[in-house]
$ cat entry.txt   # compact mmCIF, C-alpha atoms and all ligand atoms
# COMPACT_ATOMS: atom_id res chain seq x y z
CA MET A 1 85.85 89.90 37.06
CA THR A 2 87.44 87.58 39.64
CA THR A 3 90.44 85.30 39.38
CA ARG A 4 89.63 81.64 40.04
CA ALA A 5 91.95 78.65 40.52
CA VAL A 6 90.57 76.10 38.06
CA VAL A 7 91.49 72.40 37.71
CA LYS A 8 93.18 71.92 34.33
CA GLY A 9 94.26 68.31 34.62
CA ILE A 10 94.36 65.41 37.04
CA GLY A 11 96.11 62.05 37.43
CA HIS A 12 97.05 59.42 39.95
CA TYR A 13 99.40 56.55 40.59
CA LEU A 14 99.05 53.42 42.68
CA PRO A 15 101.95 51.04 43.42
CA GLU A 16 101.66 47.69 41.63
CA ARG A 17 101.40 45.50 44.72
CA VAL A 18 97.81 44.96 45.86
CA VAL A 19 97.26 43.46 49.31
CA GLU A 20 93.85 41.95 50.08
CA ASN A 21 92.45 41.86 53.62
CA ALA A 22 93.07 38.08 53.71
CA TRP A 23 96.85 38.79 53.78
CA PHE A 24 96.48 40.11 57.34
CA GLU A 25 94.55 37.04 58.53
CA ASP A 26 97.75 34.95 58.47
CA ARG A 27 99.68 37.50 60.52
CA LEU A 28 97.25 38.98 63.03
CA ASP A 29 94.13 38.20 65.02
CA THR A 30 91.86 39.85 62.46
CA SER A 31 89.54 38.91 59.62
CA ASP A 32 88.47 40.13 56.21
CA GLU A 33 84.96 40.32 57.67
CA TRP A 34 85.98 42.64 60.55
CA ILE A 35 87.99 44.95 58.31
CA ARG A 36 85.19 45.23 55.73
CA ALA A 37 82.44 45.70 58.31
CA ARG A 38 84.26 48.29 60.45
CA SER A 39 86.09 50.25 57.75
CA GLY A 40 84.77 49.30 54.27
CA ILE A 41 88.33 48.47 53.19
CA GLU A 42 88.85 45.38 51.00
CA ARG A 43 92.36 45.93 49.66
CA ARG A 44 95.14 48.50 49.48
CA HIS A 45 98.33 49.10 47.49
CA PHE A 46 101.77 48.96 49.12
CA ALA A 47 104.89 50.51 47.60
CA ALA A 48 107.69 48.19 46.49
CA GLU A 49 110.95 48.08 48.38
CA GLY A 50 112.86 51.25 47.57
CA GLU A 51 109.82 52.95 46.04
CA THR A 52 109.43 56.33 47.76
CA THR A 53 106.75 58.96 48.20
CA SER A 54 108.48 61.22 45.66
CA ASP A 55 108.46 58.33 43.14
CA LEU A 56 104.69 57.90 43.51
CA ALA A 57 104.21 61.68 43.41
CA THR A 58 106.27 62.00 40.22
CA HIS A 59 104.13 59.39 38.41
CA ALA A 60 100.93 61.17 39.48
CA ALA A 61 102.36 64.58 38.53
CA ARG A 62 103.27 63.36 35.04
CA ALA A 63 99.75 62.01 34.57
CA ALA A 64 98.22 65.33 35.67
CA LEU A 65 100.52 67.34 33.38
CA ASP A 66 99.67 65.07 30.43
CA ASP A 67 95.98 65.44 31.19
CA ALA A 68 96.35 69.23 31.26
CA GLY A 69 98.44 69.21 28.06
CA LEU A 70 101.25 71.03 29.88
CA ALA A 71 105.00 70.53 30.30
CA ALA A 72 106.88 70.75 33.61
CA ASP A 73 108.30 74.16 32.77
CA ASP A 74 104.78 75.54 32.27
CA ILE A 75 104.31 75.15 36.03
CA ASP A 76 105.20 77.91 38.52
CA ALA A 77 105.11 75.84 41.70
CA ILE A 78 104.71 72.37 43.22
CA ILE A 79 102.94 71.90 46.54
CA LEU A 80 103.21 68.35 47.83
CA ALA A 81 101.03 67.30 50.76
CA THR A 82 102.63 64.40 52.61
CA SER A 83 103.43 63.11 56.09
CA THR A 84 105.78 60.46 54.70
CA PRO A 85 108.47 62.40 52.79
CA ASP A 86 111.48 60.39 51.54
CA LEU A 87 113.83 62.22 53.94
CA THR A 88 113.48 64.74 56.77
CA PHE A 89 114.77 67.25 54.23
CA PRO A 90 114.99 68.37 51.46
CA SER A 91 111.32 68.36 50.64
CA ALA A 92 109.90 65.53 48.54
CA ALA A 93 108.49 68.33 46.35
CA THR A 94 112.00 69.37 45.27
CA MET A 95 112.71 65.72 44.40
CA VAL A 96 109.59 65.69 42.21
CA GLN A 97 110.68 69.01 40.69
CA SER A 98 114.02 67.54 39.64
CA ALA A 99 112.50 64.23 38.46
CA LEU A 100 110.13 66.19 36.22
CA GLY A 101 113.06 68.18 34.80
CA MET A 102 111.48 71.42 36.02
CA THR A 103 114.18 74.08 36.20
CA ARG A 104 112.19 77.11 37.30
CA GLY A 105 109.64 78.04 39.93
CA PHE A 106 109.52 76.71 43.50
CA ALA A 107 108.49 73.55 45.31
CA PHE A 108 107.68 72.73 48.91
CA ASP A 109 106.03 70.10 51.09
CA LEU A 110 103.04 70.76 53.29
CA GLN A 111 102.10 68.57 56.23
CA ALA A 112 98.59 68.37 57.64
CA VAL A 113 98.36 64.55 57.67
CA CYS A 114 95.04 63.30 56.22
CA ALA A 115 93.80 66.88 55.75
CA GLY A 116 97.01 67.69 53.83
CA PHE A 117 95.44 67.88 50.38
CA ILE A 118 92.72 70.26 51.59
CA TYR A 119 95.41 72.50 53.12
CA ALA A 120 97.46 72.25 49.90
CA LEU A 121 94.47 73.20 47.73
CA SER A 122 93.78 76.13 50.02
CA THR A 123 97.42 77.30 49.86
CA ALA A 124 97.60 76.93 46.08
CA ASN A 125 94.31 78.79 45.71
CA ALA A 126 95.59 81.68 47.86
CA MET A 127 98.82 81.89 45.84
CA ILE A 128 96.90 81.96 42.57
CA LEU A 129 94.41 84.57 43.81
CA SER A 130 97.26 86.78 45.09
CA GLY A 131 99.09 86.53 41.75
CA GLN A 132 102.14 84.78 43.24
CA ALA A 133 101.78 81.88 40.81
CA ARG A 134 99.55 81.17 37.82
CA ARG A 135 99.88 77.40 37.50
CA ILE A 136 100.47 75.09 40.46
CA LEU A 137 100.88 71.35 40.59
CA VAL A 138 99.13 70.21 43.78
CA ILE A 139 100.04 66.68 44.83
CA GLY A 140 99.04 64.37 47.66
CA ALA A 141 101.38 61.39 48.04
CA GLU A 142 102.06 58.93 50.84
CA THR A 143 103.88 55.72 51.70
CA PHE A 144 102.14 55.03 55.02
CA SER A 145 103.26 51.38 54.76
CA ARG A 146 106.67 52.65 55.98
CA ILE A 147 105.26 53.87 59.30
CA LEU A 148 102.83 51.08 60.18
CA ASP A 149 103.22 48.82 63.19
CA TRP A 150 102.54 45.40 61.63
CA GLU A 151 101.68 44.01 65.05
CA ASP A 152 98.98 46.61 65.77
CA ARG A 153 95.80 45.27 64.18
CA SER A 154 93.89 48.45 65.03
CA THR A 155 96.00 50.54 62.60
CA CYS A 156 97.99 48.46 60.10
CA VAL A 157 94.92 47.08 58.30
CA LEU A 158 93.61 50.57 57.56
CA PHE A 159 96.27 52.37 55.51
CA GLY A 160 97.65 52.19 51.98
CA ASP A 161 100.10 53.94 49.63
CA GLY A 162 99.40 56.07 46.56
CA ALA A 163 99.49 59.50 44.97
CA GLY A 164 97.19 61.89 43.16
CA ALA A 165 97.93 65.22 41.52
CA LEU A 166 96.13 68.06 39.82
CA VAL A 167 97.08 71.24 38.00
CA LEU A 168 95.40 74.39 39.24
CA ALA A 169 95.59 77.45 36.98
CA ALA A 170 94.38 81.04 37.12
CA GLU A 171 91.30 81.76 35.02
CA ASP A 172 88.92 84.70 34.90
CA GLY A 173 85.55 84.11 36.50
CA ALA A 174 82.42 86.20 36.91
CA GLY A 175 82.67 86.12 40.71
CA THR A 176 79.51 84.02 41.07
CA PRO A 177 79.02 80.47 42.43
CA GLN A 178 78.55 79.37 38.80
CA ASP A 179 82.26 79.95 38.11
CA ARG A 180 84.52 76.97 37.58
CA GLY A 181 87.34 76.53 40.08
CA ILE A 182 87.74 76.81 43.84
CA LEU A 183 84.79 78.73 45.28
CA ALA A 184 85.43 78.49 49.02
CA VAL A 185 87.69 76.95 51.63
CA ASP A 186 87.41 76.21 55.35
CA LEU A 187 90.41 75.10 57.45
CA ASN A 188 90.54 74.12 61.12
CA SER A 189 92.82 72.47 63.63
CA ASP A 190 92.71 71.76 67.35
CA GLY A 191 96.03 70.67 68.85
CA ARG A 192 94.38 69.62 72.11
CA HIS A 193 93.54 66.38 70.30
CA ARG A 194 97.07 65.69 69.04
CA ASP A 195 97.37 62.46 71.07
CA LEU A 196 94.45 60.80 69.26
CA LEU A 197 96.48 60.19 66.10
CA TYR A 198 100.24 60.61 65.87
CA VAL A 199 103.53 59.02 64.89
CA ASP A 200 105.70 58.16 67.92
CA GLY A 201 108.95 59.23 66.28
CA GLY A 202 110.70 62.14 64.62
CA VAL A 203 113.66 64.43 65.12
CA SER A 204 113.05 64.55 68.90
CA THR A 205 113.38 60.76 69.22
CA GLY A 206 115.93 60.01 66.52
CA THR A 207 113.59 57.42 64.99
CA THR A 208 111.04 57.51 62.16
CA GLY A 209 108.31 56.19 64.45
CA LEU A 210 105.04 54.36 63.84
CA VAL A 211 101.37 55.37 63.60
CA ARG A 212 99.40 55.36 66.86
CA MET A 213 95.66 56.01 66.82
CA GLN A 214 92.70 55.95 69.16
CA GLY A 215 90.43 55.09 66.25
CA ASN A 216 87.07 55.27 67.97
CA GLN A 217 87.89 58.74 69.39
CA VAL A 218 88.92 60.04 65.97
CA PHE A 219 85.77 58.47 64.54
CA ARG A 220 83.58 60.42 66.96
CA HIS A 221 85.16 63.75 66.00
CA ALA A 222 85.15 62.93 62.29
CA ILE A 223 81.47 62.87 61.32
CA GLU A 224 80.54 65.95 63.31
CA LYS A 225 83.54 68.03 62.21
CA LEU A 226 83.46 66.95 58.55
CA ALA A 227 79.79 67.80 58.06
CA ALA A 228 80.32 71.16 59.85
CA THR A 229 83.35 72.17 57.78
CA ALA A 230 81.58 71.19 54.55
CA GLU A 231 78.54 73.29 55.51
CA THR A 232 80.77 76.25 56.42
CA ALA A 233 82.62 76.12 53.10
CA LEU A 234 79.34 75.81 51.18
CA ALA A 235 77.84 78.79 53.01
CA ARG A 236 80.99 80.80 52.28
CA ALA A 237 80.49 80.02 48.57
CA GLY A 238 76.85 81.13 48.79
CA LEU A 239 75.68 77.55 48.18
CA GLN A 240 73.70 74.86 50.02
CA ASP A 241 73.68 71.09 50.38
CA ASP A 242 71.16 70.82 47.53
CA ASP A 243 73.60 72.43 45.09
CA VAL A 244 76.23 69.72 45.57
CA ASP A 245 76.66 67.20 42.74
CA TRP A 246 79.40 65.14 44.39
CA ILE A 247 80.85 64.81 47.84
CA VAL A 248 84.47 63.69 47.48
CA PRO A 249 85.46 62.76 51.04
CA HIS A 250 88.74 61.69 52.57
CA GLN A 251 88.66 57.90 52.30
CA ALA A 252 89.31 56.69 55.85
CA ASN A 253 86.25 54.66 56.71
CA ILE A 254 83.00 53.95 54.84
CA ARG A 255 80.99 54.50 58.02
CA ILE A 256 82.45 58.01 58.42
CA ILE A 257 81.72 58.70 54.74
CA GLN A 258 78.11 57.48 55.12
CA GLY A 259 77.58 59.35 58.38
CA THR A 260 78.84 62.62 56.93
CA ALA A 261 76.69 62.24 53.80
CA LYS A 262 73.65 61.54 55.99
CA ARG A 263 74.24 64.68 58.06
CA MET A 264 74.45 66.65 54.82
CA LYS A 265 71.20 64.94 53.63
CA HIS A 266 73.06 63.70 50.60
CA SER A 267 72.44 60.27 49.09
CA MET A 268 75.39 57.87 48.78
CA ASP A 269 74.95 57.56 45.01
CA ARG A 270 76.42 61.08 44.76
CA VAL A 271 79.48 60.33 46.89
CA VAL A 272 82.76 59.22 45.32
CA VAL A 273 83.94 56.14 47.23
CA THR A 274 87.33 54.47 46.71
CA VAL A 275 88.11 53.34 50.26
CA GLN A 276 87.39 49.69 49.36
CA ASP A 277 90.28 49.63 46.88
CA HIS A 278 92.80 52.07 48.38
CA GLY A 279 92.34 52.00 52.16
CA ASN A 280 93.29 55.22 53.90
CA THR A 281 96.06 56.87 51.87
CA SER A 282 96.11 60.00 54.05
CA ALA A 283 96.94 63.12 51.98
CA ALA A 284 96.70 61.11 48.75
CA SER A 285 93.14 59.96 49.29
CA ILE A 286 91.28 63.01 47.96
CA PRO A 287 93.28 63.52 44.74
CA LEU A 288 93.05 59.75 44.18
CA ALA A 289 89.27 59.87 44.63
CA LEU A 290 88.98 62.93 42.36
CA SER A 291 91.04 61.25 39.64
CA VAL A 292 89.24 57.89 39.90
CA GLY A 293 85.85 59.66 40.09
CA ARG A 294 86.65 61.57 36.90
CA ALA A 295 87.92 58.39 35.16
CA ARG A 296 84.74 56.50 36.15
CA GLY A 297 82.69 59.24 34.49
CA GLN A 298 81.16 60.33 37.82
CA ILE A 299 82.71 63.81 37.98
CA LYS A 300 81.97 65.96 34.92
CA ARG A 301 82.84 69.50 33.87
CA GLY A 302 80.59 72.00 35.64
CA ASP A 303 79.74 69.68 38.58
CA LEU A 304 79.80 71.21 42.04
CA LEU A 305 82.07 69.26 44.38
CA VAL A 306 82.60 69.48 48.10
CA THR A 307 85.68 67.71 49.35
CA GLU A 308 86.53 67.29 53.03
CA ALA A 309 89.08 65.58 55.28
CA ILE A 310 90.17 65.14 58.90
CA GLY A 311 93.30 63.66 60.41
CA GLY A 312 96.11 63.96 62.93
CA GLY A 313 96.33 67.24 64.77
CA LEU A 314 93.40 67.12 64.72
CA ALA A 315 93.38 69.08 61.46
CA TRP A 316 90.38 69.23 59.18
CA GLY A 317 88.77 71.26 56.44
CA ALA A 318 86.77 71.42 53.24
CA VAL A 319 87.02 72.88 49.75
CA VAL A 320 84.10 73.70 47.48
CA LEU A 321 84.97 73.70 43.81
CA ARG A 322 83.25 73.58 40.47
CA TRP A 323 84.92 71.07 38.13
O1 LIG A 401 92.41 59.36 58.25
C1 LIG A 401 92.67 59.86 59.50
C2 LIG A 401 91.51 59.72 60.35
N1 LIG A 401 91.35 58.36 60.79
C3 LIG A 401 90.15 57.88 60.81
O2 LIG A 401 89.23 58.52 60.38
C4 LIG A 401 89.94 56.55 61.47
C5 LIG A 401 88.76 56.67 62.37
N2 LIG A 401 88.42 55.46 63.08
C6 LIG A 401 87.97 54.33 62.48
O3 LIG A 401 87.92 54.24 61.27
C7 LIG A 401 87.44 53.24 63.37
O4 LIG A 401 87.42 53.71 64.69
C8 LIG A 401 88.25 51.93 63.29
C9 LIG A 401 88.02 51.22 61.96
C10 LIG A 401 89.72 52.23 63.50
C11 LIG A 401 87.81 50.96 64.41
O5 LIG A 401 86.41 50.77 64.36
P1 LIG A 401 85.54 50.90 65.70
O6 LIG A 401 84.17 50.49 65.36
O7 LIG A 401 85.74 52.29 66.22
O8 LIG A 401 86.17 49.82 66.65
P2 LIG A 401 86.93 50.01 68.06
O9 LIG A 401 88.21 50.73 67.91
O10 LIG A 401 85.95 50.53 69.06
O11 LIG A 401 87.26 48.48 68.40
C12 LIG A 401 86.24 47.51 68.53
C13 LIG A 401 86.91 46.17 68.81
C14 LIG A 401 87.98 46.21 69.88
O12 LIG A 401 87.85 45.05 70.67
P3 LIG A 401 87.15 45.10 72.12
O13 LIG A 401 87.92 46.10 72.91
O14 LIG A 401 85.73 45.55 71.84
O15 LIG A 401 87.27 43.70 72.57
C15 LIG A 401 89.26 46.14 69.13
O16 LIG A 401 90.30 45.55 69.87
O17 LIG A 401 87.58 45.68 67.63
C16 LIG A 401 88.90 45.27 67.96
N3 LIG A 401 89.76 45.45 66.79
C17 LIG A 401 89.90 44.51 65.84
N4 LIG A 401 89.36 43.29 65.69
C18 LIG A 401 89.69 42.59 64.60
C19 LIG A 401 90.51 46.52 66.45
N5 LIG A 401 91.14 46.30 65.29
C20 LIG A 401 90.78 45.06 64.89
C21 LIG A 401 91.09 44.27 63.76
N6 LIG A 401 90.51 43.05 63.66
N7 LIG A 401 91.91 44.71 62.77

$ encode --input "entry.txt" --output "structure tokens"
Amino acid sequence: MTTRAVVKGIGHYLPERVVENAWFEDRLDTSDEWIRARSGIERRHFAAEGETTSDLATHAARAALDDAGLAADDIDAIILATSTPDLTFPSAATMVQSALGMTRGFAFDLQAVCAGFIYALSTANAMILSGQARRILVIGAETFSRILDWEDRSTCVLFGDGAGALVLAAEDGAGTPQDRGILAVDLNSDGRHRDLLYVDGGVSTGTTGLVRMQGNQVFRHAIEKLAATAETALARAGLQDDDVDWIVPHQANIRIIQGTAKRMKHSMDRVVVTVQDHGNTSAASIPLALSVGRARGQIKRGDLLVTEAIGGGLAWGAVVLRW
């Protein structure tokens, strides 16, 4: 018998305000046509004034707990993947913990930018397999609208705000690839590429800073690295491309999503795509896509999923899990 970390419930939250591509046409030298053609994005949600990452995360966490039929005190830990925490410290995760009324366990943030949710799933999985926790709330939440340069058309049209959360819990498995739960993980980073995508502020500058990206350079790395990490994770699980029911990719750009699927010889009708409605929500994009994919009836119990992401660092990785 093997312990597996199995998804028990999932939920998401998107801020009320929806901004269509046309909104940018009045402010910048850009067009709905360019944004759609180059990125696949049609609209995104932006948080209201005063609405923080921990607010979005709390909504998503409540939805995931409800879906799992659990209360906050049934949870041993909260891991919140974000690059846009409310404050430098304490962690946004502890803010979610208190908002949920959770009086036990532990909570912390994890930062691996757009790959954050993959890193968080991997960390939660390791904690469950080691027996350190039995039930973990894993959240990805971002308010990237707070760190966008509204005069930089090459970045500000791409990002959005949102949150997704899931409950992972220990369950006995047979130790075969037919088990439900996380079957394999692959994580990577290469700090030599840190200048391709970064925020030009932080404690060292005394400012919050704004997103800076050499988009076409990141693009080049993305397809090659995402397909490779997905293949590595699948091989580690003893599975192949053919076994995959759904690819659930980080939602940065439809052309990256299509290119990765093509390399994996996987047709697009088995890829969960939400980028048109959410834009790039960084660490929130994968739990959002998982939650929306489940709500649409795409992802069903027993399906084999491979989920992958890349972002600033560069940091990238993949998780193979059976739903
Ligand atoms: O989630 C973290 C990881 N991030 C990503 O995965 C993002 C990866 N990169 C991308 O998604 C794409 O590179 C972009 C969507 C950012 C850009 O697409 P691209 O096909 O790589 O275009 P490009 O950067 O090579 O720019 C092409 C042209 C440039 O003009 P020139 O130099 O050819 O005259 C840009 O100035 O498009 C111009 N451009 C725009 N034009 C209209 C850049 N942004 C815009 C814009 N509207 N918003």

$ closest_residue --input "entry.txt" --among "A:Ile10, A:Leu28, A:Ala184, A:Leu121" --to "ligand LIG 401 (chain A)" --atoms "only C-alpha atoms and all ligand atoms"
A:Leu28

$ residues_near_point --input "entry.txt" --point "(106.2, 58.5, 62.7)" --cutoff "12 Å" --atoms "all atoms listed in the file" --output "MDAnalysis selection string"
chainID A and resid 83:85 88 113 143:149 197:213 312

$ closest_residue --input "entry.txt" --among "A:Ser285, A:Thr30, A:Thr3, A:Thr53" --to "ligand LIG 401 (chain A)" --atoms "all atoms listed in the file"
A:Thr30

$ axis_aligned_box --input "entry.txt" --around "range 62-70 of chain A" --padding-each-side "4 Å" --output "JSON"
{"center_x": 99.6, "center_y": 66.5, "center_z": 31.9, "size_x": 15.3, "size_y": 17.0, "size_z": 15.6}

$ closest_atom_pairs --input "entry.txt" --of "chain A" --to "ligand LIG 401 (chain A)" --cutoff "8 Å" --atoms "all atoms listed in the file" --output "CSV"
residue,atom,partner,partner_atom,distance
A:Leu28,CA,A:LIG401,N7,7.8
A:Asp29,CA,A:LIG401,N6,6.2
A:Thr30,CA,A:LIG401,N6,3.7
A:Ser31,CA,A:LIG401,N6,5.9
A:Trp34,CA,A:LIG401,C18,5.5
A:Ile35,CA,A:LIG401,N7,5.9
A:Arg38,CA,A:LIG401,C9,5.0
A:Ser39,CA,A:LIG401,C9,4.7
A:Val113,CA,A:LIG401,C1,7.6
A:Cys114,CA,A:LIG401,O1,5.2
A:Asp152,CA,A:LIG401,N5,7.9
A:Arg153,CA,A:LIG401,N7,4.2
A:Ser154,CA,A:LIG401,N5,3.5
A:Thr155,CA,A:LIG401,C10,6.6
A:Cys156,CA,A:LIG401,N7,7.6
A:Val157,CA,A:LIG401,N7,5.9
A:Leu158,CA,A:LIG401,C9,7.1
A:Leu197,CA,A:LIG401,N1,7.6
A:Met213,CA,A:LIG401,N1,7.8
A:Gln214,CA,A:LIG401,O9,7.0
A:Gly215,CA,A:LIG401,O4,3.7
A:Asn216,CA,A:LIG401,O4,3.6
A:Gln217,CA,A:LIG401,O4,6.9
A:Val218,CA,A:LIG401,C5,4.9
A:Phe219,CA,A:LIG401,C5,4.1
A:Arg220,CA,A:LIG401,C5,7.9
A:Ala222,CA,A:LIG401,O2,6.3
A:His250,CA,A:LIG401,O1,7.2
A:Gln251,CA,A:LIG401,O1,7.2
A:Ala252,CA,A:LIG401,O1,4.7
A:Asn253,CA,A:LIG401,O3,4.9
A:Arg255,CA,A:LIG401,O3,7.7
A:Ile256,CA,A:LIG401,O2,7.1
A:Asn280,CA,A:LIG401,O1,6.1
A:Thr281,CA,A:LIG401,O1,7.8
A:Ser282,CA,A:LIG401,O1,5.6
A:Ala309,CA,A:LIG401,O1,7.7
A:Ile310,CA,A:LIG401,C2,5.8
A:Gly311,CA,A:LIG401,C1,4.0
A:Gly312,CA,A:LIG401,C1,6.4

$ atom_distance --input "entry.txt" --atom1 "CA of Leu196 in chain A" --atom2 "CA of Arg17 in chain A"
29.7 Å

$ atom_distance --input "entry.txt" --atom1 "CA of Arg4 in chain A" --atom2 "CA of Val271 in chain A"
24.6 Å

$ residues_near_point --input "entry.txt" --point "(96.9, 65.3, 37.2)" --cutoff "12 Å" --atoms "all atoms listed in the file" --output "PyMOL selection string"
chain A and resi 7-13+57-72+136-140+163-168+287-292+294-295

$ residues_around --input "entry.txt" --residues "Thr307 in chain A" --least-positions-apart "4" --cutoff "8 Å" --atoms "all atoms listed in the file" --output "list in words"
Ile118, Ala230, Ile247, Val248, Pro249, His250, Ile286, Ala318, Val319 and Val320 of chain A

$ write_last_selection --input "entry.txt" --atoms "C-alpha atoms" --output "mmCIF file, in the frame of the given file"
data_model
loop_
_atom_site.group_PDB
_atom_site.id
_atom_site.type_symbol
_atom_site.label_atom_id
_atom_site.label_comp_id
_atom_site.auth_asym_id
_atom_site.auth_seq_id
_atom_site.Cartn_x
_atom_site.Cartn_y
_atom_site.Cartn_z
ATOM 1 C CA ILE A 118 92.720 70.260 51.590
ATOM 2 C CA ALA A 230 81.580 71.190 54.550
ATOM 3 C CA ILE A 247 80.850 64.810 47.840
ATOM 4 C CA VAL A 248 84.470 63.690 47.480
ATOM 5 C CA PRO A 249 85.460 62.760 51.040
ATOM 6 C CA HIS A 250 88.740 61.690 52.570
ATOM 7 C CA ILE A 286 91.280 63.010 47.960
ATOM 8 C CA ALA A 318 86.770 71.420 53.240
ATOM 9 C CA VAL A 319 87.020 72.880 49.750
ATOM 10 C CA VAL A 320 84.100 73.700 47.480
#

$ residues_around --input "entry.txt" --residues "range 42-47 of chain A" --least-positions-apart "3" --cutoff "10 Å" --atoms "only C-alpha atoms" --output "ChimeraX atom specification"
/A:14-23,32-33,35-37,39,50-53,55-56,142-146,157-162,275-281

$ closest_residue --input "entry.txt" --among "A:Ser189, A:Ser98, A:Gln132, A:Asn125" --to "Gly313 in chain A" --atoms "all atoms listed in the file"
A:Ser189

$ residues_around --input "entry.txt" --residues "Ser130 in chain A" --least-positions-apart "4" --cutoff "12 Å" --atoms "all atoms listed in the file" --output "PyMOL selection string"
chain A and resi 2-5+123-126+134+170

$ closest_residue --input "entry.txt" --among "A:Trp246, A:Ala141, A:Leu129, A:Thr232" --to "Val96 in chain A" --atoms "all atoms listed in the file"
A:Ala141

$ atom_distance --input "entry.txt" --atom1 "CA of Ala77 in chain A" --atom2 "CA of Gly317 in chain A"
22.5 Å

$ closest_residue --input "entry.txt" --among "A:Ala284, A:Leu187, A:Ile128, A:Ile254" --to "Glu171 in chain A" --atoms "all atoms listed in the file"
A:Ile128

$ closest_residue --input "entry.txt" --among "A:Thr260, A:Ser91, A:Asn188, A:Ser122" --to "Phe108 in chain A" --atoms "only C-alpha atoms"
A:Ser91
